[in-house]
>>> print(open('run-v5.txt').read())   # compact mmCIF, C-alpha atoms
# COMPACT_ATOMS: atom_id res chain seq x y z
CA MET A 272 24.23 -10.80 -91.61
CA SER A 273 22.36 -8.79 -94.17
CA VAL A 274 18.62 -9.11 -94.03
CA VAL A 275 16.17 -9.72 -96.84
CA PRO A 276 13.31 -7.38 -96.01
CA THR A 277 9.68 -8.37 -95.83
CA ILE A 278 7.85 -6.61 -98.63
CA GLY A 279 4.63 -4.95 -97.55
CA SER A 280 1.50 -6.01 -99.38
CA ALA A 281 -0.27 -3.73 -101.84
CA ALA A 282 -3.74 -3.70 -103.36
CA PRO A 283 -4.01 -4.61 -107.09
CA ALA A 284 -4.91 -0.99 -107.92
CA GLN A 285 -1.78 0.21 -106.10
CA ARG A 286 0.49 -2.21 -107.98
CA GLN A 287 -1.18 -1.22 -111.25
CA PHE A 288 -0.71 2.48 -110.45
CA LEU A 289 2.98 1.87 -109.69
CA ALA A 290 3.42 0.12 -113.06
CA GLU A 291 1.80 3.09 -114.84
CA LEU A 292 3.98 5.61 -112.99
CA LEU A 293 7.13 3.70 -113.98
CA GLN A 294 5.92 3.29 -117.55
CA ALA A 295 5.24 7.04 -117.83
CA GLY A 296 8.69 7.92 -116.44
CA LEU A 297 7.16 9.76 -113.50
CA LEU A 298 8.94 7.40 -111.12
CA ILE A 299 12.17 5.57 -111.93
CA ASP A 300 12.84 2.08 -110.59
CA GLY A 301 15.51 2.60 -107.91
CA GLY A 302 16.45 -1.09 -107.68
CA ALA A 303 14.68 -1.86 -104.40
CA PRO A 304 10.99 -1.84 -103.43
CA GLY A 305 9.94 1.60 -102.21
CA LEU A 306 13.08 3.29 -103.60
CA TYR A 307 12.48 5.47 -106.65
CA GLY A 308 14.03 8.13 -108.74
CA ARG A 309 11.69 10.99 -109.60
CA GLY A 310 11.19 11.95 -113.25
CA PRO A 311 10.82 15.61 -114.32
CA GLY A 312 7.01 15.41 -114.50
CA PHE A 313 6.80 14.06 -110.97
CA GLU A 314 9.23 16.62 -109.53
CA ARG A 315 7.35 19.50 -111.16
CA VAL A 316 4.18 18.53 -109.32
CA ARG A 317 5.99 17.73 -106.04
CA LEU A 318 7.70 21.14 -106.04
CA ALA A 319 4.39 22.80 -106.95
CA VAL A 320 2.78 21.19 -103.87
CA ASP A 321 5.73 22.30 -101.75
CA GLY A 322 5.29 25.84 -103.13
CA LEU A 323 1.62 25.78 -102.24
CA VAL A 324 2.49 24.90 -98.63
CA ASP A 325 5.07 27.75 -98.72
CA ARG A 326 2.36 30.23 -99.62
CA ILE A 327 0.03 29.04 -96.85
CA ALA A 328 2.86 28.94 -94.31
CA ALA A 329 3.86 32.54 -95.08
CA ALA A 330 1.21 33.73 -92.62
CA ASP A 331 3.10 32.01 -89.78
CA LEU A 332 6.29 34.04 -90.36
CA ALA A 333 8.12 30.79 -89.73
CA GLU A 334 11.88 30.66 -89.43
CA PRO A 335 13.21 28.52 -92.28
CA LEU A 336 15.78 25.98 -91.07
CA ARG A 337 17.14 23.10 -93.14
CA PHE A 338 18.80 19.89 -92.00
CA PRO A 339 20.37 16.97 -93.86
CA PRO A 340 18.49 13.65 -93.85
CA VAL A 341 21.04 12.28 -91.37
CA MET A 342 21.29 13.20 -87.69
CA PRO A 343 23.46 12.38 -84.67
CA ARG A 344 22.50 9.06 -83.12
CA ARG A 345 22.58 10.62 -79.64
CA HIS A 346 19.81 13.06 -80.60
CA LEU A 347 17.56 10.19 -81.70
CA GLU A 348 18.43 8.39 -78.45
CA THR A 349 17.49 11.47 -76.41
CA SER A 350 14.15 11.70 -78.24
CA GLY A 351 13.19 8.19 -77.09
CA TYR A 352 12.60 7.01 -80.67
CA PRO A 353 14.57 3.72 -80.46
CA ALA A 354 12.37 2.61 -77.53
CA THR A 355 9.03 3.37 -79.13
CA PHE A 356 9.88 2.71 -82.80
CA PRO A 357 12.59 0.02 -82.68
CA HIS A 358 11.28 -1.37 -85.99
CA LEU A 359 11.81 1.96 -87.75
CA THR A 360 15.14 2.90 -86.16
CA ALA A 361 17.83 2.95 -88.84
CA THR A 362 21.43 3.56 -87.84
CA ILE A 363 24.24 4.17 -90.31
CA PHE A 364 27.09 1.70 -90.45
CA ALA A 365 30.43 2.43 -92.10
CA PHE A 366 33.76 0.70 -92.64
CA GLU A 367 36.11 0.59 -89.71
CA GLY A 368 39.35 -1.35 -89.86
CA ASP A 369 42.88 -1.57 -91.19
CA GLU A 370 44.21 -2.48 -94.61
CA ALA A 371 43.80 -6.19 -93.99
CA ASP A 372 40.16 -5.64 -93.06
CA ALA A 373 39.63 -3.53 -96.18
CA ALA A 374 41.12 -6.28 -98.31
CA GLU A 375 38.92 -8.87 -96.62
CA GLN A 376 35.85 -6.67 -97.05
CA SER A 377 36.67 -6.27 -100.73
CA ARG A 378 37.13 -10.02 -101.13
CA CYS A 379 33.75 -10.68 -99.49
CA VAL A 380 32.06 -8.14 -101.76
CA SER A 381 33.51 -9.64 -104.91
CA CYS A 382 32.63 -13.18 -103.82
CA GLY A 383 29.07 -12.19 -102.88
CA GLU A 384 29.72 -13.05 -99.22
CA ASP A 385 28.45 -11.25 -96.12
CA TRP A 386 30.74 -8.25 -95.42
CA SER A 387 28.87 -6.78 -92.45
CA ALA A 388 31.69 -7.80 -90.06
CA TYR A 389 33.77 -4.88 -91.45
CA GLN A 390 31.03 -2.30 -90.96
CA ARG A 391 30.55 -0.64 -87.56
CA MET A 392 27.67 1.38 -86.19
CA THR A 393 28.51 5.07 -86.51
CA ASP A 394 27.37 8.06 -84.49
CA LEU A 395 24.78 8.84 -87.21
CA VAL A 396 21.24 7.70 -87.97
CA LEU A 397 18.88 8.31 -90.87
CA THR A 398 16.34 10.97 -89.95
CA PRO A 399 12.96 9.30 -89.41
CA ALA A 400 10.87 12.49 -89.41
CA GLY A 401 11.67 16.03 -90.50
CA CYS A 402 11.08 17.61 -87.10
CA TYR A 403 13.60 15.52 -85.12
CA PRO A 404 16.67 17.69 -85.85
CA VAL A 405 14.72 20.83 -84.92
CA TYR A 406 14.43 20.17 -81.16
CA PRO A 407 18.15 19.81 -80.34
CA ALA A 408 18.88 22.80 -82.61
CA ILE A 409 16.43 25.02 -80.73
CA ALA A 410 17.59 23.66 -77.37
CA GLN A 411 21.10 25.05 -78.10
CA ARG A 412 19.71 28.58 -78.20
CA GLU A 413 18.70 31.08 -75.60
CA PRO A 414 15.30 30.28 -74.02
CA LEU A 415 12.32 30.90 -76.33
CA PRO A 416 10.49 34.24 -76.42
CA ARG A 417 7.28 34.15 -74.42
CA ASP A 418 5.01 33.45 -77.41
CA GLY A 419 7.34 30.82 -78.79
CA ILE A 420 8.38 30.31 -82.41
CA VAL A 421 7.44 28.48 -85.60
CA VAL A 422 10.16 26.63 -87.50
CA ASP A 423 9.74 25.68 -91.14
CA ALA A 424 11.94 22.61 -91.59
CA GLY A 425 11.24 22.53 -95.34
CA GLY A 426 10.69 19.44 -97.44
CA THR A 427 13.40 17.15 -96.18
CA TYR A 428 14.09 13.52 -97.07
CA VAL A 429 13.21 11.05 -94.31
CA PHE A 430 13.78 7.30 -94.14
CA ARG A 431 11.37 4.52 -93.17
CA ARG A 432 12.39 0.89 -93.51
CA GLU A 433 9.06 -0.23 -94.96
CA PRO A 434 9.67 -1.76 -98.39
CA SER A 435 6.41 -2.11 -100.30
CA GLN A 436 4.90 -2.46 -103.76
CA ASP A 437 2.53 0.37 -102.87
CA PRO A 438 3.94 3.47 -104.59
CA ALA A 439 2.65 5.59 -101.67
CA ARG A 440 4.82 3.67 -99.19
CA MET A 441 8.32 4.79 -100.07
CA GLN A 442 11.41 4.04 -98.02
CA MET A 443 12.72 7.55 -98.57
CA PHE A 444 10.45 10.50 -99.21
CA HIS A 445 10.05 14.22 -98.62
CA GLN A 446 8.22 15.29 -95.53
CA ARG A 447 7.29 18.96 -95.49
CA GLU A 448 7.41 19.80 -91.80
CA LEU A 449 6.57 22.80 -89.68
CA VAL A 450 7.16 22.85 -85.94
CA ARG A 451 5.58 25.09 -83.30
CA LEU A 452 7.31 25.54 -79.96
CA GLY A 453 5.78 27.69 -77.24
CA PRO A 454 3.09 28.03 -74.59
CA PRO A 455 0.59 25.10 -74.52
CA SER A 456 -2.51 27.02 -75.64
CA ALA A 457 -0.71 28.66 -78.57
CA VAL A 458 0.75 25.35 -79.68
CA ALA A 459 -2.60 23.53 -79.49
CA GLY A 460 -4.34 26.35 -81.40
CA TRP A 461 -1.68 26.36 -84.10
CA ARG A 462 -2.14 22.66 -84.70
CA ARG A 463 -5.92 23.12 -85.00
CA THR A 464 -5.47 25.99 -87.47
CA TRP A 465 -3.17 23.89 -89.63
CA LEU A 466 -5.54 20.93 -89.63
CA ASP A 467 -8.21 23.25 -91.07
CA ARG A 468 -5.74 24.73 -93.56
CA ALA A 469 -4.72 21.27 -94.75
CA ILE A 470 -8.31 20.14 -95.24
CA ASP A 471 -8.96 23.33 -97.21
CA LEU A 472 -5.81 22.87 -99.29
CA LEU A 473 -6.56 19.25 -100.17
CA THR A 474 -10.18 20.12 -100.93
CA ARG A 475 -9.05 22.82 -103.36
CA LEU A 476 -6.80 20.19 -104.96
CA GLN A 477 -10.04 18.19 -105.44
CA LEU A 478 -8.73 15.23 -103.43
CA GLU A 479 -11.75 14.79 -101.11
CA PRO A 480 -9.76 14.66 -97.86
CA VAL A 481 -10.95 12.85 -94.74
CA ALA A 482 -9.62 13.90 -91.30
CA ASP A 483 -9.53 11.61 -88.28
CA VAL A 484 -7.83 10.97 -84.96
CA ALA A 485 -4.90 8.64 -85.51
CA SER A 486 -1.99 6.99 -83.73
CA ASP A 487 1.64 6.39 -84.62
CA PRO A 488 2.76 2.88 -85.62
CA PHE A 489 4.25 2.14 -82.19
CA PHE A 490 5.97 -1.21 -81.75
CA GLY A 491 4.63 -4.29 -80.00
CA ARG A 492 2.44 -4.72 -76.92
CA GLN A 493 3.77 -1.61 -75.20
CA GLY A 494 2.89 0.25 -78.38
CA ARG A 495 -0.76 -0.56 -77.81
CA ILE A 496 -0.79 1.48 -74.61
CA LEU A 497 0.99 4.38 -76.31
CA ALA A 498 -1.38 4.28 -79.29
CA SER A 499 -4.42 4.13 -77.00
CA GLY A 500 -3.14 7.13 -75.03
CA GLN A 501 -2.43 9.06 -78.20
CA ARG A 502 -5.95 8.46 -79.52
CA GLU A 503 -7.66 9.07 -76.20
CA GLN A 504 -5.97 12.44 -75.89
CA ALA A 505 -6.35 13.22 -79.63
CA LEU A 506 -2.62 13.95 -79.87
CA LYS A 507 -2.48 12.96 -83.54
CA PHE A 508 -4.73 13.80 -86.47
CA GLU A 509 -4.27 12.56 -90.00
CA VAL A 510 -5.79 13.73 -93.23
CA SER A 511 -6.20 11.00 -95.83
CA VAL A 512 -7.04 10.84 -99.52
CA SER A 513 -7.42 8.03 -102.04
CA ILE A 514 -4.28 6.76 -103.79
CA GLY A 515 -5.66 3.46 -105.06
CA GLY A 516 -5.77 1.61 -101.73
CA GLU A 517 -8.82 -0.01 -100.19
CA GLN A 518 -8.60 2.62 -97.47
CA PRO A 519 -7.60 6.26 -97.96
CA THR A 520 -3.88 6.95 -97.45
CA ALA A 521 -2.67 9.50 -94.89
CA VAL A 522 -1.00 12.45 -96.65
CA ALA A 523 -0.65 14.86 -93.72
CA SER A 524 -0.38 14.53 -89.96
CA PHE A 525 -0.76 16.99 -87.08
CA ASN A 526 0.95 15.99 -83.89
CA TYR A 527 0.79 17.48 -80.43
CA HIS A 528 3.74 16.27 -78.33
CA ARG A 529 2.93 18.21 -75.17
CA ASP A 530 6.25 18.43 -73.23
CA HIS A 531 7.77 15.23 -74.67
CA PHE A 532 10.44 16.92 -76.82
CA SER A 533 10.81 20.12 -74.80
CA GLY A 534 11.40 18.03 -71.67
CA ARG A 535 13.84 15.59 -73.24
CA PHE A 536 15.89 18.28 -75.00
CA GLY A 537 15.55 20.93 -72.29
CA ILE A 538 13.80 23.62 -74.38
CA ARG A 539 12.88 26.51 -72.07
CA SER A 540 10.96 29.76 -72.24
CA GLN A 541 12.30 33.18 -71.20
CA ASP A 542 9.39 33.63 -68.79
CA GLY A 543 9.95 30.21 -67.22
CA GLY A 544 6.58 28.94 -68.50
CA THR A 545 5.89 25.45 -69.77
CA VAL A 546 7.00 24.82 -73.37
CA HIS A 547 4.99 22.44 -75.51
CA THR A 548 5.64 21.42 -79.10
CA ALA A 549 3.58 20.33 -82.08
CA CYS A 550 4.55 19.48 -85.62
CA LEU A 551 2.78 18.92 -88.88
CA GLY A 552 4.01 17.03 -91.87
CA PHE A 553 2.81 16.89 -95.44
CA GLY A 554 3.91 13.82 -97.39
CA LEU A 555 4.92 15.58 -100.60
CA GLU A 556 5.25 12.41 -102.69
CA ARG A 557 1.91 11.11 -101.41
CA ILE A 558 0.08 14.32 -102.31
CA THR A 559 1.78 14.25 -105.71
CA LEU A 560 0.71 10.63 -106.21
CA ALA A 561 -2.84 11.43 -105.12
CA LEU A 562 -3.00 14.25 -107.70
CA LEU A 563 -1.68 11.98 -110.45
CA TYR A 564 -4.05 9.19 -109.40
CA ARG A 565 -7.07 11.46 -109.25
CA HIS A 566 -6.48 13.81 -112.16
CA GLY A 567 -4.42 11.69 -114.54
CA LEU A 568 -0.73 11.16 -115.25
CA ASP A 569 -0.64 13.91 -117.88
CA THR A 570 -0.73 17.23 -116.03
CA SER A 571 -1.49 19.14 -119.23
CA GLY A 572 -4.94 17.54 -119.08
CA TRP A 573 -5.70 18.85 -115.57
CA ASP A 574 -8.37 21.53 -115.37
CA ASP A 575 -7.36 25.20 -115.40
CA PRO A 576 -8.25 26.11 -111.79
CA LEU A 577 -6.14 23.21 -110.50
CA ARG A 578 -3.20 24.13 -112.74
CA ALA A 579 -3.53 27.75 -111.68
CA LEU A 580 -3.63 26.84 -107.98
CA LEU A 581 -0.45 24.80 -108.36
CA MET A 582 1.06 27.50 -110.61
CA LEU A 583 1.83 24.89 -113.25
CA ALA A 584 2.67 26.79 -116.44
CA MET B 133 -3.73 -6.65 -54.52
CA ASN B 134 -4.11 -2.88 -54.19
CA ASP B 135 -1.14 -2.77 -51.78
CA GLN B 136 1.01 -4.76 -54.17
CA ILE B 137 0.11 -2.45 -57.06
CA ARG B 138 0.71 0.64 -54.92
CA ARG B 139 4.16 -0.64 -54.00
CA ILE B 140 5.04 -1.26 -57.66
CA VAL B 141 3.74 2.17 -58.66
CA LEU B 142 5.84 3.90 -55.99
CA GLU B 143 8.88 1.87 -56.99
CA HIS B 144 8.66 2.56 -60.73
CA VAL B 145 6.92 5.90 -61.20
CA ARG B 146 8.17 9.32 -60.17
CA LEU B 147 4.99 10.95 -58.88
CA ALA B 148 4.45 14.61 -58.13
CA ILE B 149 2.83 13.75 -54.77
CA PRO B 150 4.20 12.21 -51.56
CA ALA B 151 3.67 8.46 -51.18
CA GLU B 152 1.11 8.83 -48.39
CA GLN B 153 -1.14 10.83 -50.74
CA LEU B 154 -1.30 8.00 -53.27
CA HIS B 155 -4.78 6.56 -52.80
CA ASP B 156 -6.44 3.78 -54.75
CA ASP B 157 -8.38 6.22 -56.90
CA THR B 158 -5.65 8.86 -57.35
CA ASP B 159 -5.35 9.83 -61.03
CA LEU B 160 -1.80 8.74 -61.83
CA TYR B 161 -1.67 10.71 -65.09
CA ALA B 162 -2.60 13.89 -63.20
CA CYS B 163 0.28 13.10 -60.80
CA GLY B 164 2.89 12.98 -63.54
CA LEU B 165 2.60 9.48 -65.01
CA THR B 166 3.64 9.86 -68.65
CA SER B 167 2.57 7.52 -71.46
CA HIS B 168 6.11 6.16 -71.60
CA ALA B 169 6.21 5.63 -67.84
CA SER B 170 2.90 3.74 -68.05
CA VAL B 171 4.65 1.25 -70.32
CA THR B 172 7.43 0.79 -67.73
CA LEU B 173 4.76 0.33 -65.07
CA MET B 174 2.89 -2.24 -67.16
CA LEU B 175 6.06 -4.28 -67.68
CA ALA B 176 6.96 -4.08 -63.96
CA ILE B 177 3.51 -5.33 -62.92
CA GLU B 178 3.65 -8.19 -65.40
CA ASP B 179 7.09 -9.12 -64.14
CA GLN B 180 6.37 -8.93 -60.42
CA LEU B 181 2.90 -10.48 -60.47
CA ASP B 182 3.81 -13.02 -63.13
CA LEU B 183 0.94 -12.24 -65.45
CA GLU B 184 0.44 -10.91 -68.96
CA PHE B 185 -2.09 -8.24 -69.84
CA PRO B 186 -4.03 -9.29 -72.95
CA ASP B 187 -4.27 -6.81 -75.84
CA HIS B 188 -7.69 -5.48 -74.84
CA LEU B 189 -6.29 -4.30 -71.49
CA LEU B 190 -3.28 -2.55 -73.00
CA LYS B 191 -5.04 0.80 -72.83
CA ARG B 192 -4.16 4.09 -71.25
CA GLU B 193 -7.21 4.12 -68.96
CA VAL B 194 -6.30 0.76 -67.37
CA PHE B 195 -3.13 2.31 -65.94
CA SER B 196 -4.82 5.48 -64.68
CA SER B 197 -5.10 4.47 -60.99
CA VAL B 198 -4.04 1.81 -58.48
CA ALA B 199 -7.66 0.59 -58.29
CA SER B 200 -8.02 0.32 -62.06
CA ILE B 201 -4.75 -1.61 -62.45
CA ALA B 202 -5.68 -3.89 -59.53
CA ALA B 203 -9.10 -4.60 -61.05
CA ALA B 204 -7.52 -5.58 -64.36
CA ALA B 205 -4.78 -7.66 -62.70
CA SER B 206 -7.15 -9.51 -60.31
CA GLY B 207 -9.36 -10.41 -63.25
CA LEU B 208 -6.35 -12.02 -64.90
CA GLN B 209 -5.28 -13.89 -61.78
CA ALA B 210 -8.82 -15.17 -61.29
CA VAL B 211 -8.80 -16.52 -64.83
CA ALA B 212 -5.39 -18.12 -64.30
CA ALA B 213 -6.39 -19.77 -60.99
CA PRO B 214 -7.47 -23.45 -61.18
>>> encode(input="run-v5.txt", output="structure tokens")
Amino acid sequence: MSVVPTIGSAAPAQRQFLAELLQAGLLIDGGAPGLYGRGPGFERVRLAVDGLVDRIAAADLAEPLRFPPVMPRRHLETSGYPATFPHLTATIFAFEGDEADAAEQSRCVSCGEDWSAYQRMTDLVLTPAGCYPVYPAIAQREPLPRDGIVVDAGGTYVFRREPSQDPARMQMFHQRELVRLGPPSAVAGWRRTWLDRAIDLLTRLQLEPVADVASDPFFGRQGRILASGQREQALKFEVSVSIGGEQPTAVASFNYHRDHFSGRFGIRSQDGGTVHTACLGFGLERITLALLYRHGLDTSGWDDPLRALLMLA
Amino acid sequence: MNDQIRRIVLEHVRLAIPAEQLHDDTDLYACGLTSHASVTLMLAIEDQLDLEFPDHLLKREVFSSVASIAAAASGLQAVAAP
């Protein structure tokens, strides 16, 4: 059976902001809550933010790799994601059947009936975070050089089944991810450096960022233990800014996985040393929304230093 | 209680030390207990001792040693007893 999703609640200011964004053509109603087209004004700012991250990331000499927003289901299974985030696991179903099934599917569609019986789970899932395809890709290679590597996974679309009236909670959005794989001390230091860089970046964008220890939205009672462990060990930091909510909204996260991914995917080092991983993600739409919320929907009215920083002509 | 917990730990967790070196105060996380394995351990204890840890005990530190788990579990059994 198809499921009518629960729509997440939103503060009045968030709903108002969404209405203004749609009215101004910055976002385009995509026909479902949390699903939007992006107008030219929005994309210009989003790409400008992405470019700003590019310029900061240049110092890392990161290897640019790009992946589609869909990945093999077995890779997500290996990562352990379905166990810890069952509520966010989204597999892809597709038609499987003969001509009679196709005819029956078509009849159900035209009659407005449930046609899920003709759709089967495929070997693909929607990518839940931009770094997930990176680990199996690196695991296929020769063992890592002793100092490890940095991968720039770009600004890739990711999917989260969290329909909401809050414009900052989209079901599909661009996560600008970088991943560090290497010796534990180098990986931990890299994450710290990037936390500082992100605070600096968001401060220069005049967004008054706040950084704090955070935890992932793990599922259920077992998730409480995982979240407590994550906080206790400070494995996740988030940087938040105001986008109209009662609380600031997280726009960037900095995650230290220790040997979780390297162990599960078998990522090794040439010198036989322990390999840890960390990733960071900038929510490009959220930073764009924060800029529009803070500085106004008309970018031509933004002050010169801000426009210069973003290289907006 | 400690013996029961020790048995469940040895049954469900792959530790980096031999069984005879698992003492009541041994730091399980230092011996290879991962966050994910602590969840498996929590579920096994609930199942075998027929109890349910309330939310405030679902914390990493509670599952850090046999003694700590036993203390939390005995508290629950005491509450449940008539």
>>> residues_around(input="run-v5.txt", residues="A:Arg529", least_positions_apart="2", cutoff="12 Å", atoms="all atoms listed in the file", output="ChimeraX atom specification")
/A:451-459,462,501,504-507,526-527,531-535,545-550 /B:166-167
>>> residues_near_point(input="run-v5.txt", point="(18.6, 29.0, -78.5)", cutoff="12 Å", atoms="all atoms listed in the file", output="list of chain:residue names")
A:Val405, A:Tyr406, A:Pro407, A:Ala408, A:Ile409, A:Ala410, A:Gln411, A:Arg412, A:Glu413, A:Pro414, A:Leu415, A:Pro416, A:Gly419, A:Ile420, A:Leu452, A:Phe536, A:Gly537, A:Ile538, A:Arg539, A:Ser540, A:Gln541
>>> closest_atom_pairs(input="run-v5.txt", of="chain A", to="chain B", cutoff="9 Å", atoms="only C-alpha atoms", output="CSV")
residue,atom,partner,partner_atom,distance
A:Thr355,CA,B:His168,CA,8.5
A:Arg492,CA,B:Asp187,CA,7.1
A:Gln493,CA,B:Val171,CA,5.7
A:Gly494,CA,B:Val171,CA,8.3
A:Arg495,CA,B:Leu190,CA,5.8
A:Ile496,CA,B:Lys191,CA,4.7
A:Leu497,CA,B:Ser167,CA,6.0
A:Ala498,CA,B:Lys191,CA,8.2
A:Ser499,CA,B:Lys191,CA,5.4
A:Gly500,CA,B:Arg192,CA,5.0
A:Gln501,CA,B:Ser167,CA,8.5
A:Glu503,CA,B:Arg192,CA,7.8
>>> write_last_selection(input="run-v5.txt", atoms="C-alpha atoms", output="PDB file, in the coordinates of the input")
ATOM      1  CA  THR A 355       9.030   3.370 -79.130  1.00  0.00           C
ATOM      2  CA  ARG A 492       2.440  -4.720 -76.920  1.00  0.00           C
ATOM      3  CA  GLN A 493       3.770  -1.610 -75.200  1.00  0.00           C
ATOM      4  CA  GLY A 494       2.890   0.250 -78.380  1.00  0.00           C
ATOM      5  CA  ARG A 495      -0.760  -0.560 -77.810  1.00  0.00           C
ATOM      6  CA  ILE A 496      -0.790   1.480 -74.610  1.00  0.00           C
ATOM      7  CA  LEU A 497       0.990   4.380 -76.310  1.00  0.00           C
ATOM      8  CA  ALA A 498      -1.380   4.280 -79.290  1.00  0.00           C
ATOM      9  CA  SER A 499      -4.420   4.130 -77.000  1.00  0.00           C
ATOM     10  CA  GLY A 500      -3.140   7.130 -75.030  1.00  0.00           C
ATOM     11  CA  GLN A 501      -2.430   9.060 -78.200  1.00  0.00           C
ATOM     12  CA  GLU A 503      -7.660   9.070 -76.200  1.00  0.00           C
TER      13      GLU A 503
END
>>> residues_around(input="run-v5.txt", residues="stretch 180-183 of chain B", least_positions_apart="5", cutoff="9 Å", atoms="all atoms listed in the file", output="number ranges by chain")
B: 136, 140, 175, 205, 208-209, 212
>>> write_last_selection(input="run-v5.txt", atoms="C-alpha atoms", output="compact mmCIF listing (two decimals), in the coordinates of the input")
# COMPACT_ATOMS: atom_id res chain seq x y z
CA GLN B 136 1.01 -4.76 -54.17
CA ILE B 140 5.04 -1.26 -57.66
CA LEU B 175 6.06 -4.28 -67.68
CA ALA B 205 -4.78 -7.66 -62.70
CA LEU B 208 -6.35 -12.02 -64.90
CA GLN B 209 -5.28 -13.89 -61.78
CA ALA B 212 -5.39 -18.12 -64.30
>>> residues_around(input="run-v5.txt", residues="B:Asp159", least_positions_apart="5", cutoff="10 Å", atoms="all atoms listed in the file", output="JSON, numbers by chain")
{"B": [154, 164, 165, 193, 195, 196, 197, 198, 199, 200]}
>>> atom_distance(input="run-v5.txt", atom1="atom CA of B:Leu173", atom2="atom CA of A:His358")
22.0 Å
>>> residues_around(input="run-v5.txt", residues="A:Phe338", least_positions_apart="2", cutoff="8 Å", atoms="all atoms listed in the file", output="PyMOL selection string")
chain A and resi 336+340-341+404+424+427
>>> write_last_selection(input="run-v5.txt", atoms="C-alpha atoms", output="compact mmCIF listing (two decimals), in the frame of the given file")
# COMPACT_ATOMS: atom_id res chain seq x y z
CA LEU A 336 15.78 25.98 -91.07
CA PRO A 340 18.49 13.65 -93.85
CA VAL A 341 21.04 12.28 -91.37
CA PRO A 404 16.67 17.69 -85.85
CA ALA A 424 11.94 22.61 -91.59
CA THR A 427 13.40 17.15 -96.18
>>> residues_around(input="run-v5.txt", residues="A:Arg557", least_positions_apart="3", cutoff="8 Å", atoms="only C-alpha atoms", output="list in words")
Ala439, Ile514, Val522, Gly554, Leu560 and Ala561 of chain A
>>> atom_distance(input="run-v5.txt", atom1="atom CA of A:Phe430", atom2="atom CA of A:Gly308")
14.6 Å
>>> closest_residue(input="run-v5.txt", among="A:Met342, A:Ala482, A:Ala333, A:Val396", to="A:Phe364", atoms="all atoms listed in the file")
A:Val396
>>> atom_distance(input="run-v5.txt", atom1="atom CA of B:His155", atom2="atom CA of B:Asn134")
9.6 Å
>>> build_atoms(input="run-v5.txt", residues="stretch 192-205 of chain B", atoms="N, CA and C atoms", output="compact mmCIF listing (two decimals), in the frame of the given file")
# COMPACT_ATOMS: atom_id res chain seq x y z
N ARG B 192 -4.59 3.03 -72.16
CA ARG B 192 -4.16 4.09 -71.25
C ARG B 192 -4.99 4.10 -69.99
N GLU B 193 -6.32 3.96 -70.11
CA GLU B 193 -7.21 4.12 -68.96
C GLU B 193 -6.97 3.03 -67.90
N VAL B 194 -6.54 1.85 -68.32
CA VAL B 194 -6.30 0.76 -67.37
C VAL B 194 -5.21 1.15 -66.35
N PHE B 195 -4.26 1.96 -66.80
CA PHE B 195 -3.13 2.31 -65.94
C PHE B 195 -3.30 3.68 -65.28
N SER B 196 -4.57 4.12 -65.18
CA SER B 196 -4.82 5.48 -64.68
C SER B 196 -4.90 5.56 -63.15
N SER B 197 -5.09 4.43 -62.46
CA SER B 197 -5.10 4.47 -60.99
C SER B 197 -4.73 3.09 -60.43
N VAL B 198 -4.37 3.07 -59.15
CA VAL B 198 -4.04 1.81 -58.48
C VAL B 198 -5.25 0.87 -58.55
N ALA B 199 -6.45 1.42 -58.30
CA ALA B 199 -7.66 0.59 -58.29
C ALA B 199 -7.93 -0.02 -59.67
N SER B 200 -7.76 0.78 -60.71
CA SER B 200 -8.02 0.32 -62.06
C SER B 200 -7.03 -0.78 -62.47
N ILE B 201 -5.76 -0.58 -62.12
CA ILE B 201 -4.75 -1.61 -62.45
C ILE B 201 -5.05 -2.88 -61.67
N ALA B 202 -5.41 -2.72 -60.37
CA ALA B 202 -5.68 -3.89 -59.53
C ALA B 202 -6.88 -4.67 -60.06
N ALA B 203 -7.91 -3.94 -60.51
CA ALA B 203 -9.10 -4.60 -61.05
C ALA B 203 -8.73 -5.44 -62.27
N ALA B 204 -7.93 -4.86 -63.15
CA ALA B 204 -7.52 -5.58 -64.36
C ALA B 204 -6.67 -6.79 -64.00
N ALA B 205 -5.71 -6.58 -63.07
CA ALA B 205 -4.78 -7.66 -62.70
C ALA B 205 -5.50 -8.77 -61.95
